[in-house]
$ cat protein22.cif   # mmCIF, C-alpha atoms
data_protein
#
loop_
_atom_site.label_atom_id
_atom_site.label_comp_id
_atom_site.auth_asym_id
_atom_site.auth_seq_id
_atom_site.Cartn_x
_atom_site.Cartn_y
_atom_site.Cartn_z
CA MET B 1 -97.44 -30.08 40.83
CA SER B 2 -99.77 -32.60 42.42
CA LYS B 3 -100.32 -35.90 40.59
CA ARG B 4 -103.43 -36.91 42.52
CA ILE B 5 -105.16 -33.69 41.49
CA PRO B 6 -104.49 -33.34 37.73
CA LEU B 7 -103.22 -30.03 36.38
CA ASN B 8 -106.45 -29.36 34.50
CA ILE B 9 -108.48 -29.71 37.73
CA GLN B 10 -106.14 -27.28 39.49
CA ILE B 11 -106.68 -24.81 36.65
CA PHE B 12 -110.46 -25.32 36.70
CA TYR B 13 -110.35 -24.59 40.42
CA GLY B 14 -108.33 -21.40 39.85
CA ILE B 15 -110.77 -20.16 37.21
CA GLY B 16 -113.51 -20.12 39.87
CA VAL B 17 -111.95 -17.19 41.73
CA SER B 18 -113.70 -14.98 39.14
CA TYR B 19 -115.59 -13.28 41.99
CA ALA B 20 -112.42 -11.15 42.15
CA ILE B 21 -113.93 -9.26 39.19
CA VAL B 22 -116.97 -8.04 41.13
CA ASP B 23 -114.72 -7.36 44.12
CA GLN B 24 -112.70 -4.97 41.94
CA ILE B 25 -115.88 -3.41 40.50
CA PHE B 26 -117.06 -2.67 44.03
CA ALA B 27 -113.71 -1.22 45.06
CA GLN B 28 -113.19 0.91 41.96
CA TRP B 29 -116.61 1.93 40.61
CA ILE B 30 -119.23 2.15 43.38
CA LEU B 31 -117.91 5.40 44.87
CA TYR B 32 -117.18 6.70 41.36
CA PHE B 33 -120.82 6.08 40.38
CA TYR B 34 -122.48 7.50 43.50
CA LEU B 35 -120.02 10.38 43.99
CA PRO B 36 -118.47 11.02 40.55
CA PRO B 37 -115.80 13.60 39.68
CA GLU B 38 -116.93 16.71 37.78
CA SER B 39 -115.34 15.58 34.50
CA SER B 40 -117.06 12.17 34.47
CA GLY B 41 -120.32 13.15 32.79
CA LEU B 42 -122.27 11.74 35.75
CA LYS B 43 -124.19 13.52 38.51
CA PRO B 44 -123.78 12.87 42.26
CA ILE B 45 -126.56 10.62 43.54
CA MET B 46 -126.54 11.33 47.28
CA ALA B 47 -124.54 12.92 50.10
CA PRO B 48 -121.08 11.41 50.81
CA VAL B 49 -121.87 10.75 54.49
CA LEU B 50 -124.93 8.69 53.52
CA ILE B 51 -122.85 6.67 51.06
CA SER B 52 -120.32 5.92 53.82
CA LEU B 53 -123.03 4.92 56.29
CA ALA B 54 -124.82 2.64 53.80
CA LEU B 55 -121.60 0.85 52.82
CA ALA B 56 -120.47 0.59 56.46
CA PHE B 57 -123.78 -1.06 57.35
CA SER B 58 -123.42 -3.61 54.55
CA ARG B 59 -119.78 -4.30 55.53
CA ILE B 60 -120.72 -5.06 59.13
CA THR B 61 -123.32 -7.54 57.88
CA ASP B 62 -120.63 -9.05 55.68
CA MET B 63 -118.28 -9.59 58.64
CA ILE B 64 -120.99 -11.46 60.56
CA SER B 65 -121.94 -13.67 57.62
CA ASP B 66 -118.42 -15.04 57.01
CA PRO B 67 -118.18 -17.56 59.89
CA VAL B 68 -121.91 -18.38 59.62
CA VAL B 69 -121.69 -19.36 55.94
CA GLY B 70 -118.50 -21.30 56.67
CA PHE B 71 -120.20 -23.26 59.43
CA LEU B 72 -123.21 -24.05 57.22
CA SER B 73 -120.96 -25.34 54.43
CA ASP B 74 -119.11 -27.54 56.95
CA LYS B 75 -122.37 -29.19 58.02
CA PHE B 76 -123.82 -29.44 54.51
CA SER B 77 -123.75 -32.68 52.55
CA SER B 78 -124.94 -33.55 49.04
CA LYS B 79 -124.05 -35.77 46.09
CA TRP B 80 -122.11 -32.81 44.64
CA GLY B 81 -120.12 -32.21 47.85
CA ARG B 82 -120.16 -29.63 50.65
CA ARG B 83 -118.78 -26.52 48.96
CA ILE B 84 -119.71 -26.70 45.24
CA PRO B 85 -123.49 -26.27 45.84
CA PHE B 86 -122.88 -22.98 47.67
CA ILE B 87 -120.83 -21.64 44.76
CA ALA B 88 -123.54 -22.75 42.32
CA VAL B 89 -126.32 -21.09 44.33
CA GLY B 90 -124.44 -17.85 44.98
CA ALA B 91 -122.74 -17.07 41.65
CA ILE B 92 -125.73 -15.64 39.74
CA PRO B 93 -127.22 -13.59 42.64
CA LEU B 94 -123.73 -12.17 43.26
CA SER B 95 -123.52 -10.95 39.66
CA LEU B 96 -127.10 -9.62 39.72
CA SER B 97 -126.53 -7.69 42.96
CA THR B 98 -123.35 -6.20 41.45
CA VAL B 99 -125.40 -4.87 38.53
CA ALA B 100 -128.12 -3.67 40.92
CA PHE B 101 -125.70 -1.16 42.52
CA PHE B 102 -125.87 0.84 39.31
CA TYR B 103 -129.67 1.09 39.04
CA PRO B 104 -130.66 2.95 42.23
CA PRO B 105 -133.82 5.00 42.71
CA THR B 106 -132.96 8.69 42.54
CA ASN B 107 -136.20 10.31 43.71
CA SER B 108 -134.90 10.92 47.27
CA ASN B 109 -131.79 10.57 49.40
CA THR B 110 -133.67 8.33 51.83
CA ALA B 111 -134.76 5.89 49.13
CA THR B 112 -131.27 5.79 47.63
CA PHE B 113 -129.69 5.26 51.06
CA ILE B 114 -132.01 2.34 51.87
CA TYR B 115 -131.47 0.87 48.41
CA LEU B 116 -127.67 1.08 48.66
CA ALA B 117 -127.62 -0.42 52.17
CA ILE B 118 -129.89 -3.33 51.17
CA THR B 119 -128.11 -3.95 47.86
CA GLY B 120 -124.75 -3.87 49.64
CA THR B 121 -125.99 -6.36 52.23
CA ILE B 122 -127.25 -8.72 49.52
CA PHE B 123 -124.03 -8.32 47.54
CA PHE B 124 -121.76 -9.13 50.47
CA THR B 125 -123.96 -12.00 51.65
CA PHE B 126 -123.73 -13.75 48.29
CA TYR B 127 -120.06 -12.77 47.99
CA THR B 128 -119.49 -14.74 51.19
CA ILE B 129 -121.70 -17.62 50.02
CA VAL B 130 -119.42 -17.97 46.99
CA SER B 131 -115.99 -17.05 48.38
CA ALA B 132 -115.92 -18.83 51.77
CA PRO B 133 -116.88 -22.30 50.41
CA TYR B 134 -114.67 -21.72 47.35
CA ASN B 135 -111.63 -21.17 49.57
CA ALA B 136 -112.64 -24.08 51.82
CA LEU B 137 -112.39 -26.34 48.75
CA ILE B 138 -108.59 -26.17 49.09
CA PRO B 139 -108.42 -28.27 52.29
CA GLU B 140 -111.52 -30.19 51.21
CA ILE B 141 -109.88 -31.69 48.10
CA GLY B 142 -106.19 -31.16 48.89
CA GLN B 143 -104.91 -34.03 51.05
CA THR B 144 -101.29 -32.88 51.35
CA SER B 145 -99.65 -29.53 52.01
CA ASP B 146 -98.16 -29.54 48.49
CA GLU B 147 -101.58 -30.12 46.92
CA ARG B 148 -103.07 -27.29 48.92
CA LEU B 149 -100.18 -25.00 47.97
CA ASP B 150 -100.61 -25.83 44.27
CA LEU B 151 -104.34 -25.07 44.42
CA SER B 152 -103.63 -21.81 46.22
CA THR B 153 -101.02 -20.87 43.61
CA TRP B 154 -103.44 -21.38 40.72
CA GLN B 155 -106.05 -19.39 42.61
CA SER B 156 -103.50 -16.57 42.96
CA VAL B 157 -102.65 -16.65 39.24
CA PHE B 158 -106.28 -16.28 38.20
CA ARG B 159 -107.09 -13.78 40.95
CA LEU B 160 -104.38 -11.53 39.55
CA LEU B 161 -105.63 -12.04 35.98
CA TYR B 162 -109.22 -11.23 36.92
CA THR B 163 -108.17 -8.18 38.94
CA ALA B 164 -106.06 -6.93 36.01
CA MET B 165 -109.02 -7.51 33.67
CA ALA B 166 -111.33 -5.51 35.93
CA MET B 167 -108.78 -2.69 36.18
CA ILE B 168 -107.74 -2.44 32.52
CA LEU B 169 -110.90 -3.20 30.47
CA PRO B 170 -113.53 -0.85 32.00
CA GLY B 171 -112.32 2.32 30.27
CA ALA B 172 -112.46 0.74 26.81
CA LEU B 173 -115.76 -1.05 27.57
CA ILE B 174 -117.45 2.15 28.79
CA GLN B 175 -116.43 3.90 25.58
CA TYR B 176 -117.51 0.95 23.40
CA PHE B 177 -120.90 0.33 25.01
CA GLY B 178 -121.71 3.95 25.80
CA ASN B 179 -120.57 5.63 22.59
CA GLY B 180 -120.47 8.97 24.41
CA ASP B 181 -123.13 8.11 27.05
CA THR B 182 -121.11 7.52 30.23
CA LEU B 183 -124.04 6.20 32.28
CA LYS B 184 -125.04 3.66 29.65
CA GLY B 185 -121.43 2.63 29.06
CA LEU B 186 -120.76 2.19 32.78
CA ARG B 187 -123.85 0.03 33.30
CA TYR B 188 -123.16 -2.19 30.29
CA MET B 189 -119.52 -2.54 31.34
CA VAL B 190 -120.64 -3.79 34.76
CA ILE B 191 -123.13 -6.22 33.19
CA PHE B 192 -120.48 -7.59 30.81
CA LEU B 193 -117.88 -8.16 33.55
CA SER B 194 -120.48 -9.57 35.97
CA VAL B 195 -121.46 -12.21 33.38
CA ILE B 196 -117.79 -13.24 33.09
CA SER B 197 -117.63 -13.48 36.89
CA ALA B 198 -120.60 -15.89 36.98
CA LEU B 199 -119.26 -18.00 34.09
CA GLY B 200 -115.91 -18.44 35.82
CA ALA B 201 -117.62 -19.71 38.98
CA PHE B 202 -119.58 -22.31 37.00
CA VAL B 203 -116.37 -23.65 35.46
CA THR B 204 -115.38 -24.71 38.97
CA VAL B 205 -118.91 -25.95 39.73
CA PHE B 206 -119.05 -28.27 36.71
CA LYS B 207 -115.38 -29.18 36.28
CA VAL B 208 -114.06 -29.77 39.83
CA PRO B 209 -115.24 -33.19 41.12
CA GLU B 210 -115.30 -32.29 44.81
CA LYS B 211 -117.05 -35.49 45.92
CA LYS B 212 -114.47 -37.64 44.15
CA LEU B 213 -111.43 -35.78 45.49
CA ALA B 214 -112.57 -34.96 49.03
CA THR B 215 -111.52 -36.97 52.07
CA PRO B 216 -114.71 -38.16 53.82
CA VAL B 217 -115.03 -36.78 57.35
CA GLU B 218 -118.56 -37.04 58.66
CA SER B 219 -119.45 -34.92 61.65
CA SER B 220 -122.21 -32.68 62.98
CA PRO B 221 -120.48 -30.34 65.41
CA LYS B 222 -122.32 -27.62 67.30
CA ILE B 223 -121.19 -24.10 66.49
CA ARG B 224 -120.23 -23.46 70.15
CA GLU B 225 -117.94 -26.51 70.13
CA VAL B 226 -116.39 -25.45 66.83
CA PHE B 227 -115.51 -21.96 68.03
CA LYS B 228 -114.19 -23.33 71.30
CA ASP B 229 -111.86 -25.72 69.46
CA ILE B 230 -110.66 -23.03 67.07
CA MET B 231 -110.20 -20.04 69.34
CA ARG B 232 -108.12 -21.87 71.95
CA ASP B 233 -105.58 -22.81 69.26
CA LYS B 234 -102.56 -20.49 69.75
CA PRO B 235 -101.00 -20.96 66.28
CA PHE B 236 -104.36 -20.07 64.72
CA GLN B 237 -104.60 -16.92 66.85
CA ASN B 238 -101.07 -15.82 65.90
CA TYR B 239 -101.85 -16.45 62.24
CA LEU B 240 -105.07 -14.40 62.36
CA PHE B 241 -103.49 -11.37 64.02
CA GLY B 242 -100.45 -11.62 61.76
CA LEU B 243 -102.81 -11.64 58.77
CA LEU B 244 -104.84 -8.74 60.18
CA PHE B 245 -101.86 -6.40 60.52
CA PHE B 246 -100.37 -7.50 57.20
CA PHE B 247 -103.54 -6.57 55.32
CA VAL B 248 -103.91 -3.29 57.22
CA GLY B 249 -100.45 -2.41 55.90
CA PHE B 250 -101.11 -3.83 52.43
CA ASN B 251 -104.46 -2.02 52.03
CA CYS B 252 -102.83 1.28 53.01
CA LEU B 253 -99.93 0.56 50.65
CA ARG B 254 -102.26 0.00 47.71
CA ALA B 255 -104.29 3.12 48.50
CA MET B 256 -101.27 5.41 48.84
CA MET B 257 -99.72 4.33 45.50
CA ASN B 258 -101.91 6.80 43.60
CA TYR B 259 -100.84 9.66 45.84
CA TYR B 260 -97.16 8.72 45.62
CA ILE B 261 -97.24 8.71 41.82
CA GLU B 262 -98.91 12.12 41.55
CA ASP B 263 -97.97 14.12 44.64
CA VAL B 264 -94.55 12.73 45.61
CA MET B 265 -93.10 11.57 42.28
CA GLY B 266 -94.84 14.26 40.21
CA HIS B 267 -96.24 12.01 37.45
CA SER B 268 -99.60 12.10 35.66
CA LYS B 269 -102.56 9.81 36.44
CA GLU B 270 -101.66 7.56 33.51
CA MET B 271 -98.52 6.47 35.37
CA ILE B 272 -100.66 5.00 38.16
CA THR B 273 -101.57 2.17 35.77
CA VAL B 274 -97.87 1.71 34.94
CA ALA B 275 -96.92 1.51 38.63
CA SER B 276 -99.71 -1.01 39.30
CA ALA B 277 -98.63 -3.09 36.31
CA ILE B 278 -95.02 -3.09 37.56
CA LEU B 279 -96.00 -4.11 41.10
CA PHE B 280 -98.51 -6.82 40.22
CA GLY B 281 -96.55 -7.98 37.16
CA THR B 282 -93.50 -8.60 39.34
CA SER B 283 -95.75 -10.36 41.82
CA ALA B 284 -97.10 -12.67 39.10
CA LEU B 285 -93.59 -13.56 37.94
CA CYS B 286 -92.76 -14.64 41.49
CA PHE B 287 -95.70 -17.05 41.93
CA TYR B 288 -93.79 -20.09 40.69
CA PRO B 289 -90.54 -19.50 42.65
CA THR B 290 -92.59 -18.68 45.77
CA ASN B 291 -94.43 -21.97 45.35
CA LYS B 292 -91.15 -23.91 45.08
CA LEU B 293 -89.46 -22.12 47.98
CA SER B 294 -92.49 -22.68 50.22
CA LYS B 295 -92.43 -26.40 49.52
CA LYS B 296 -88.75 -26.52 50.48
CA TYR B 297 -88.64 -24.19 53.48
CA GLY B 298 -92.26 -23.91 54.66
CA TYR B 299 -94.59 -20.90 54.75
CA ARG B 300 -93.36 -19.32 57.98
CA LYS B 301 -89.76 -18.65 56.89
CA ILE B 302 -90.77 -17.21 53.52
CA MET B 303 -93.49 -15.12 55.16
CA LEU B 304 -91.05 -13.68 57.71
CA ILE B 305 -88.55 -12.79 54.98
CA SER B 306 -91.38 -11.21 52.97
CA LEU B 307 -92.48 -9.08 55.93
CA ILE B 308 -88.92 -7.86 56.56
CA ALA B 309 -88.67 -6.92 52.87
CA LEU B 310 -92.03 -5.14 52.99
CA PHE B 311 -90.99 -3.21 56.10
CA LEU B 312 -87.70 -2.06 54.56
CA LEU B 313 -89.21 -1.20 51.17
CA THR B 314 -92.07 0.75 52.76
CA ILE B 315 -89.51 2.65 54.82
CA GLY B 316 -87.91 3.32 51.43
CA LEU B 317 -91.17 4.90 50.28
CA PHE B 318 -91.16 6.97 53.48
CA GLY B 319 -87.74 8.28 52.44
CA LEU B 320 -88.66 8.85 48.78
CA GLY B 321 -88.02 12.48 47.92
CA LYS B 322 -86.17 12.96 51.22
CA PHE B 323 -83.02 10.87 51.25
CA ILE B 324 -83.95 8.63 48.30
CA PRO B 325 -84.35 10.18 44.81
CA VAL B 326 -87.94 10.07 43.50
CA ASP B 327 -86.69 8.31 40.34
CA TYR B 328 -86.29 5.17 42.46
CA GLY B 329 -90.03 5.04 43.16
CA PHE B 330 -90.87 2.67 40.30
CA LEU B 331 -87.98 0.41 41.32
CA ILE B 332 -89.37 0.23 44.87
CA PHE B 333 -92.86 -0.62 43.55
CA GLY B 334 -91.33 -3.38 41.42
CA LEU B 335 -89.41 -4.81 44.37
CA LEU B 336 -92.55 -4.69 46.53
CA GLY B 337 -94.16 -7.15 44.12
CA ILE B 338 -91.70 -9.88 45.14
CA PRO B 339 -92.79 -10.28 48.82
CA ILE B 340 -96.41 -9.40 47.98
CA SER B 341 -96.52 -12.46 45.69
CA GLY B 342 -96.59 -14.83 48.63
CA ALA B 343 -97.79 -12.66 51.50
CA ALA B 344 -100.87 -11.21 49.80
CA PHE B 345 -101.81 -13.90 47.27
CA ILE B 346 -100.49 -17.42 47.87
CA PHE B 347 -100.03 -17.72 51.63
CA PRO B 348 -103.44 -16.67 53.07
CA PRO B 349 -105.47 -19.49 51.43
CA ALA B 350 -102.61 -22.02 51.58
CA MET B 351 -101.74 -21.43 55.25
CA MET B 352 -105.38 -21.38 56.31
CA ALA B 353 -105.95 -24.61 54.38
CA ASP B 354 -103.15 -26.30 56.33
CA ILE B 355 -104.37 -24.90 59.66
CA SER B 356 -107.98 -25.95 59.03
CA ASN B 357 -106.85 -29.40 57.89
CA ARG B 358 -104.85 -29.86 61.10
CA LEU B 359 -107.78 -28.73 63.25
CA THR B 360 -110.15 -31.07 61.39
CA ILE B 361 -107.83 -34.01 62.13
CA GLU B 362 -107.34 -33.00 65.77
CA THR B 363 -111.03 -32.40 66.54
CA GLY B 364 -112.55 -35.01 64.23
CA ASN B 365 -114.96 -32.35 62.95
CA ARG B 366 -115.13 -30.86 59.46
CA ILE B 367 -114.47 -27.17 60.23
CA GLU B 368 -112.58 -25.79 57.20
CA GLY B 369 -115.48 -23.52 56.25
CA VAL B 370 -115.63 -21.92 59.69
CA CYS B 371 -111.85 -21.38 59.63
CA PHE B 372 -112.02 -19.59 56.29
CA GLY B 373 -115.06 -17.67 57.52
CA ILE B 374 -113.12 -16.41 60.55
CA GLN B 375 -110.24 -15.50 58.25
CA GLY B 376 -112.74 -13.53 56.15
CA PHE B 377 -113.90 -11.71 59.27
CA PHE B 378 -110.32 -10.60 60.01
CA LEU B 379 -109.76 -9.55 56.39
CA LYS B 380 -112.89 -7.36 56.53
CA MET B 381 -111.69 -5.95 59.87
CA ALA B 382 -108.38 -5.04 58.20
CA PHE B 383 -110.31 -3.21 55.49
CA LEU B 384 -112.36 -1.26 58.05
CA ILE B 385 -109.24 -0.26 60.01
CA SER B 386 -107.41 0.91 56.90
CA ILE B 387 -110.43 2.80 55.50
CA ALA B 388 -110.88 4.51 58.88
CA VAL B 389 -107.21 5.50 59.18
CA LEU B 390 -106.49 6.61 55.62
CA PRO B 391 -108.73 9.70 55.32
CA ILE B 392 -107.49 11.04 58.66
CA MET B 393 -103.78 10.48 58.05
CA LEU B 394 -103.72 11.70 54.44
CA VAL B 395 -104.88 15.21 55.40
CA LEU B 396 -102.54 15.69 58.39
CA LYS B 397 -101.15 19.24 58.49
CA GLY B 398 -103.61 20.20 55.79
CA PHE B 399 -106.96 21.94 55.61
CA GLY B 400 -109.09 19.05 54.40
CA GLU B 401 -106.71 18.33 51.52
CA VAL B 402 -104.15 15.57 51.02
CA THR B 403 -100.63 16.60 52.02
CA LYS B 404 -97.19 15.09 51.39
CA TYR B 405 -96.77 14.90 55.15
CA GLY B 406 -99.93 12.81 55.36
CA ILE B 407 -98.79 10.52 52.53
CA TYR B 408 -95.47 9.89 54.29
CA CYS B 409 -97.36 9.19 57.53
CA VAL B 410 -99.40 6.51 55.77
CA ALA B 411 -96.17 4.92 54.51
CA LEU B 412 -94.78 4.86 58.05
CA PHE B 413 -98.08 3.43 59.36
CA SER B 414 -97.91 0.65 56.76
CA ALA B 415 -94.33 -0.14 57.71
CA MET B 416 -95.29 -0.40 61.39
CA SER B 417 -98.21 -2.68 60.48
CA PHE B 418 -95.84 -5.01 58.62
CA LEU B 419 -93.53 -5.02 61.65
CA ILE B 420 -96.36 -5.97 64.02
CA SER B 421 -97.42 -8.68 61.55
CA PHE B 422 -93.84 -10.01 61.64
CA ILE B 423 -94.04 -10.36 65.44
CA PHE B 424 -97.18 -12.49 65.25
CA PHE B 425 -95.88 -14.65 62.40
CA TYR B 426 -92.62 -15.12 64.33
CA LYS B 427 -94.71 -16.69 67.12
CA TYR B 428 -96.58 -18.82 64.59
CA ARG B 429 -95.38 -22.38 63.92
CA ASP B 430 -96.01 -24.34 60.71
#
$ encode --input "protein22.cif" --output "C-alpha cells"
Amino acid sequence: MSKRIPLNIQIFYGIGVSYAIVDQIFAQWILYFYLPPESSGLKPIMAPVLISLALAFSRITDMISDPVVGFLSDKFSSKWGRRIPFIAVGAIPLSLSTVAFFYPPTNSNTATFIYLAITGTIFFTFYTIVSAPYNALIPEIGQTSDERLDLSTWQSVFRLLYTAMAMILPGALIQYFGNGDTLKGLRYMVIFLSVISALGAFVTVFKVPEKKLATPVESSPKIREVFKDIMRDKPFQNYLFGLLFFFVGFNCLRAMMNYYIEDVMGHSKEMITVASAILFGTSALCFYPTNKLSKKYGYRKIMLISLIALFLLTIGLFGLGKFIPVDYGFLIFGLLGIPISGAAFIFPPAMMADISNRLTIETGNRIEGVCFGIQGFFLKMAFLISIAVLPIMLVLKGFGEVTKYGIYCVALFSAMSFLISFIFFYKYRD
C-alpha cells in the first residue's frame, strides 16, 4: 500500500463511495414502489409506460450532466481543493432527492409523471455532482499508478459493502419501522439508508486532505479544447468502448441471475440472495490478489484474462440445463466473481485515473473530471442499451412472458458483449 497516502486516508476515501447506497435504492426500490407486486401491500401509483418515460427522461439528463460537472470541477479552485467542495455540496441534496421519490403526489397520473421526471432529474444531477468529482479524486491525490490502484481498491471494498448493506437490510428495516405498515416501513427504510449515504460522503469531505495531497496543476482550458484533446486519443477511445461493451454484458448478467435461479435452476426466490452472496463474496475475496497482480502485470493483461473468463463462464450459463447440469449453476456464479472483481470494481476507476493523469501531463490542463464525466456517460449508455435489450430478449418465443429460450439468449448476448469488449481492450495499451 502507498506510504505517501497513509492507510487511514485511503480508507477515509473509500468510505465516501456511500452514494452506492442510494444507487442501489434507485435500482431495487423505485419500480417496486411505483409498480408494486400484488402481495406487497402497496398500490400501483401510475401506468408502467409513464414510469418508463419519466425515468428515461431523467437518465438522458444524467448522461449530459456527467462531462459538464467533470469540466466544472476541473476548473474549480478553493482552499479545500477542486473535488471535495462538490461532494460536500451534493451529498445532502442527493439523500433528500432519494427520499423524495417515495413521497409523490397521487391525485393524477400527470402530476405524478411530472413529479417523478423532475425528482429523477434532480437525483441524477446531484448523483453526478457527488460521484464524478469523488472518482476524480483518485488521479487528483494519487501521484503514482500504485497509489491510484490502492485508492481504487479501497473504493471497491466499500462499494461492495454499501451495495450489500442496501440489498440485505431493507427487508428487516421495513418490518422494523413499519410494524405491518409497508408504506411507512419502506419510507423510513429509505430515510435511514439515505442518512448513512450522506454521512459516508462527509467522512471523505472532512478526513481526506485533498489540497495537501494533490499535485498543483493550474490551468483554465476551454471545454472545446478539452474535448478535442481527449477524443483524439486512441487509447482512451479503445478504453471507453471496451468499458461500454463490458458493462452491457455485466448489466445483462446481473439482471438474468434472478431468472436463472428460478426458471432454469428451479430454486425459490430466497436462493437469489444466496447466488448474489456467492458471486459478490468471491469478488470481494479477490480484491487483494487482483490489486497485487495488477501492480505486477498491469491492468491490460489482467483485464484481457478476466474478459476471456467471463466469456467462457457466460457460455457455461448458456449451456446450463443443456449440456451442463443445473447443479453447477452456483459454481459458475462463484467463478464469475473472480474476473468481476477487477473488471467491474477495481479497473474502471483505476484505469481511468491513469488515463486522465497521462492526458493531464500531456496537455498541461487539469482534465481528470471531464475524463471521469465521459466515462460516466458511457456507463449510463451501457445501462440504457441493456435495459432496452433485456425486456425484448427475455420474452422471445413467448407471449409477453419470460421464456427459457429468452433467458439463454440474454446469456449469449452477454457473452458476445464480453467478446467485443475483449477486442477493444486488446487494442488498448497501458
$ atom_distance --input "protein22.cif" --atom1 "CA of Val226 (chain B)" --atom2 "CA of Val89 (chain B)"
25.0 Å
$ closest_atom_pairs --input "protein22.cif" --of "region 217-298 of chain B" --to "region 387-394 of chain B" --cutoff "12 Å" --atoms "all atoms listed in the file" --output "Markdown table"
| residue | atom | partner | partner_atom | distance |
| --- | --- | --- | --- | --- |
| B:Phe247 | CA | B:Ile387 | CA | 11.6 |
| B:Val248 | CA | B:Ile387 | CA | 9.1 |
| B:Gly249 | CA | B:Leu390 | CA | 10.9 |
| B:Phe250 | CA | B:Ile387 | CA | 11.8 |
| B:Asn251 | CA | B:Ile387 | CA | 8.4 |
| B:Cys252 | CA | B:Leu390 | CA | 7.0 |
| B:Leu253 | CA | B:Leu390 | CA | 10.2 |
| B:Arg254 | CA | B:Leu390 | CA | 11.1 |
| B:Ala255 | CA | B:Leu390 | CA | 8.2 |
| B:Met256 | CA | B:Leu390 | CA | 8.6 |
| B:Tyr259 | CA | B:Leu394 | CA | 9.3 |
| B:Tyr260 | CA | B:Leu394 | CA | 11.4 |
| B:Asp263 | CA | B:Leu394 | CA | 11.6 |
$ closest_residue --input "protein22.cif" --among "B:Met351, B:Leu359, B:Ile385, B:Val157" --to "Tyr288 (chain B)" --atoms "all atoms listed in the file"
B:Val157
$ resolve_selection --input "protein22.cif" --expression "the PyMOL selection byres ((chain B and resi 55-65) around 7)" --output "ChimeraX atom specification"
/B:51-54,66-69,117,120-121,124-125,128,377,380
$ closest_residue --input "protein22.cif" --among "B:Val402, B:Ile87, B:Ile168, B:Ile407" --to "Leu193 (chain B)" --atoms "only C-alpha atoms"
B:Ile168
$ closest_atom_pairs --input "protein22.cif" --of "region 121-234 of chain B" --to "region 337-344 of chain B" --cutoff "12 Å" --atoms "all atoms listed in the file" --output "JSON lines"
{"residue": "B:Leu149", "atom": "CA", "partner": "B:Gly342", "partner_atom": "CA", "distance": 10.8}
{"residue": "B:Ser152", "atom": "CA", "partner": "B:Gly342", "partner_atom": "CA", "distance": 10.2}
{"residue": "B:Thr153", "atom": "CA", "partner": "B:Gly342", "partner_atom": "CA", "distance": 9.0}
{"residue": "B:Ser156", "atom": "CA", "partner": "B:Ser341", "partner_atom": "CA", "distance": 8.5}
{"residue": "B:Val157", "atom": "CA", "partner": "B:Ser341", "partner_atom": "CA", "distance": 9.8}
{"residue": "B:Arg159", "atom": "CA", "partner": "B:Ala344", "partner_atom": "CA", "distance": 11.1}
{"residue": "B:Leu160", "atom": "CA", "partner": "B:Ser341", "partner_atom": "CA", "distance": 10.0}
$ closest_residue --input "protein22.cif" --among "B:Glu262, B:Phe323, B:Val99, B:Phe345" --to "Ser283 (chain B)" --atoms "only C-alpha atoms"
B:Phe345
$ resolve_selection --input "protein22.cif" --expression "the PyMOL selection byres ((chain B and resi 275) around 10)" --output "list in words"
Met257, Asn258, Ile261, Glu270, Met271, Ile272, Thr273, Val274, Ser276, Ala277, Ile278, Leu279, Phe280, Gly281, Gly329, Phe330, Leu331, Ile332, Phe333 and Gly334 of chain B
$ write_last_selection --input "protein22.cif" --atoms "C-alpha atoms" --output "PDB file, keeping the file's coordinate frame"
ATOM      1  CA  MET B 257     -99.720   4.330  45.500  1.00  0.00           C
ATOM      2  CA  ASN B 258    -101.910   6.800  43.600  1.00  0.00           C
ATOM      3  CA  ILE B 261     -97.240   8.710  41.820  1.00  0.00           C
ATOM      4  CA  GLU B 270    -101.660   7.560  33.510  1.00  0.00           C
ATOM      5  CA  MET B 271     -98.520   6.470  35.370  1.00  0.00           C
ATOM      6  CA  ILE B 272    -100.660   5.000  38.160  1.00  0.00           C
ATOM      7  CA  THR B 273    -101.570   2.170  35.770  1.00  0.00           C
ATOM      8  CA  VAL B 274     -97.870   1.710  34.940  1.00  0.00           C
ATOM      9  CA  SER B 276     -99.710  -1.010  39.300  1.00  0.00           C
ATOM     10  CA  ALA B 277     -98.630  -3.090  36.310  1.00  0.00           C
ATOM     11  CA  ILE B 278     -95.020  -3.090  37.560  1.00  0.00           C
ATOM     12  CA  LEU B 279     -96.000  -4.110  41.100  1.00  0.00           C
ATOM     13  CA  PHE B 280     -98.510  -6.820  40.220  1.00  0.00           C
ATOM     14  CA  GLY B 281     -96.550  -7.980  37.160  1.00  0.00           C
ATOM     15  CA  GLY B 329     -90.030   5.040  43.160  1.00  0.00           C
ATOM     16  CA  PHE B 330     -90.870   2.670  40.300  1.00  0.00           C
ATOM     17  CA  LEU B 331     -87.980   0.410  41.320  1.00  0.00           C
ATOM     18  CA  ILE B 332     -89.370   0.230  44.870  1.00  0.00           C
ATOM     19  CA  PHE B 333     -92.860  -0.620  43.550  1.00  0.00           C
ATOM     20  CA  GLY B 334     -91.330  -3.380  41.420  1.00  0.00           C
TER      21      GLY B 334
END
$ resolve_selection --input "protein22.cif" --expression "the PyMOL selection byres ((chain B and resi 105) around 12)" --output "list in words"
Tyr34, Ile45, Met46, Ala100, Phe101, Phe102, Tyr103, Pro104, Thr106, Asn107, Ser108, Asn109, Thr110, Ala111, Thr112, Phe113, Ile114, Tyr115, Leu116 and Thr119 of chain B
$ axis_aligned_box --input "protein22.cif" --around "region 189-196 of chain B" --padding-each-side "6 Å" --output "lines of an AutoDock Vina configuration file"
center_x = -120.5
center_y = -7.9
center_z = 33.4
size_x = 17.3
size_y = 22.7
size_z = 17.2
$ closest_residue --input "protein22.cif" --among "B:Ile30, B:Ile84, B:Leu183, B:Met165" --to "Leu42 (chain B)" --atoms "all atoms listed in the file"
B:Leu183
